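Comments concern the structure below.
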Amino acid sequence: MIELFGVSMLKKFDNSFIDKFYSRQIKIPEVGKTGQLKLLNCALCLSTNDNISEFLTFLCASIGFGKIFVKNPDEYAELKLRNPFLNVEKFDNIRDSSRLYIVGKSDIKISNRTNVFYINFRKKADLITVAFSKEFEFWDFEEEDIITQRMIACILAAEVTKHIVNDEKEKIIDIEFKEV
Amino acid sequence: MKIGVIGAGGLGLPALKGLLELGVNLNNEIVVFDFDKVEESNIHRQIFYTVDDVGESKVEILKRKFASMKNLGFSDLKLGDENLDNLKGFDLILLCVDNVETRFAVNDFCVENGIPFIEAGVEGFVGTVFIYVPEKTACYRCFHTVMPDKREKPGIITFTNVFAGLYQAKEAFNFLNGRSRLIGKLFHFDLKNNVFEYLKLSKNPHCPVC
């Protein structure tokens, strides 16, 4: 049984509703029902407000994250209408025992960092570097148009998904993304 | 210019979002076609709908959402062989559907009537985008010569369809501004293995359509 903050999320929801709501996503072999439950038990902390991280948060909410921590939850109320399993809470409520992903530099105090990962991101020319690490290392990119920024957020969301469903730890990867 | 977006689902919504964010509607007319209603299983990947919209017509929701948008129209017509004449007069079509029958029908109509279109397809972490330009490129039937057997709808996850839909919007913007770089190529991406590649597409001399 996967647990978040020591409480089984499965008790809160009818399993058949998860199957129905995410029916097309569960069909993907790389995700499956097990992967979907892992997503549901993950949390994202958004501590920056650029276009890429905002859209990454939207995508993480859409694919089935269970919790999102932000400065002002009222601004993100609509996310709950896209994911009825989602809780949107203030930074202050962060606890330290979940698999938690942090976007952007943050001075939030987390005592146990075993399952906490900063999503670090950098883009230079055609090379995107993504790192999942225990500290904030970098979050920077060259000026891009809004559509390219959103496409980069999609690439990051895919990396986060793989990191979760495969139970990965710290890692760094280079991705060549070149437009014609 | 008049632009049609066929399908207001996983591909059509990010494509529409992209077109609006690029300001394409300021100097062009956009019409979105979809006959369907929102289902619970749509919401996670169809970016403009929420749980409150379940059971309602997609185009009615979009009409409300975009009521103040300039040059943007909606139609709940179910496009098929018998009524594709409704696409006459369009200068570009974004083909954002999830079934091969409609792709074949729109392809054949566009080839016959000389209308360019941008098509996308997605499954799992993988997708493709290509543009058909009359007299210049291969058509959809050049590389999908036979109608495949019907099968269950494949698995899909939000970031894949959004990535493809946004790419369609970007390609539409480039095409409308005479800067298309996808002509003669098929963009193939795989977000599982981080592959982004452009495959050369040639006309099939045995194509039954073009």
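Chain labels A, B, ... are given in the sequence in which chains occur in the structure tokens; within each chain residues are numbered consecutively from 1, and ligands are likewise numbered from 1 in the order shown.
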
TODO: Please report as a PyMOL selection string which residues of chain B come no farther than 6 Å from chain A, using only C-alpha atoms.
DONE: chain B and resi 40-41+44+50-51+124+155-157+159+163+181

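Counting only C-alpha atoms, stretch 170-175 of chain B has the following residues at most 8 Å away, ignoring those fewer than 2 positions along the same chain: Ile147 of chain A; Gly18, Leu19, Leu22, Val24, Leu92, Leu94, Ile118, Leu166, Tyr167, Gln168, Asn177, Gly178, Arg179, Ser180, Arg181 and Leu182 of chain B.
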
TODO: Could you tell me, as a PyMOL selection string, which residues of chain A DSSP assigns to strand (DSSP E or B) when given the backbone?
DONE: chain A and resi 3-4+7-8+42-46+67-70+87-90+99-103+116-124+127-133+139-141+171-176

TODO: Show which residues sit within 6 Å of stretch 41-50 of chain A, as a ChimeraX atom specification. Count only C-alpha atoms, and ignore same-chain residues fewer than 4 positions away.
DONE: /A:4,54,65-70,99-104

With C-alpha atoms kept, could you save the residues just selected as a PDB file, in the first residue's frame?
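Result went into out.pdb, see below:
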```
ATOM      1  CA  LEU A   4       1.293   9.787   1.779  1.00  0.00           C
ATOM      2  CA  GLU A  54       3.313  27.337 -13.722  1.00  0.00           C
ATOM      3  CA  PHE A  65      -0.684  14.453  -8.358  1.00  0.00           C
ATOM      4  CA  GLY A  66      -2.374  14.262  -4.943  1.00  0.00           C
ATOM      5  CA  LYS A  67      -1.054  17.486  -3.432  1.00  0.00           C
ATOM      6  CA  ILE A  68       0.265  20.808  -4.589  1.00  0.00           C
ATOM      7  CA  PHE A  69       1.825  23.329  -2.204  1.00  0.00           C
ATOM      8  CA  VAL A  70       1.765  26.970  -3.248  1.00  0.00           C
ATOM      9  CA  ARG A  99       7.668  11.957  -2.132  1.00  0.00           C
ATOM     10  CA  LEU A 100       7.826  15.655  -2.741  1.00  0.00           C
ATOM     11  CA  TYR A 101       9.051  17.584  -5.787  1.00  0.00           C
ATOM     12  CA  ILE A 102      10.116  21.202  -5.430  1.00  0.00           C
ATOM     13  CA  VAL A 103      10.157  23.601  -8.379  1.00  0.00           C
ATOM     14  CA  GLY A 104      12.392  26.643  -7.964  1.00  0.00           C
TER      15      GLY A 104
END
```

TODO: Report as number ranges by chain: the residues of stretch 21-56 of chain B with a DSSP assignment of alpha helix (DSSP H), based on the backbone of this structure.
DONE: B: 21, 24-27

Open item on the list: As an exercise, work out the distance from atom CA of B:Asn28 to atom CA of B:Leu16 in Å and give it to one decimal place.
Closed with: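 Between these atoms lies a distance of 13.0 Å.
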
Open item on the list: One number please: atom CA of B:Tyr198 to atom CA of B:Leu20, in Å, one decimal.
Closed with: 26.0 Å
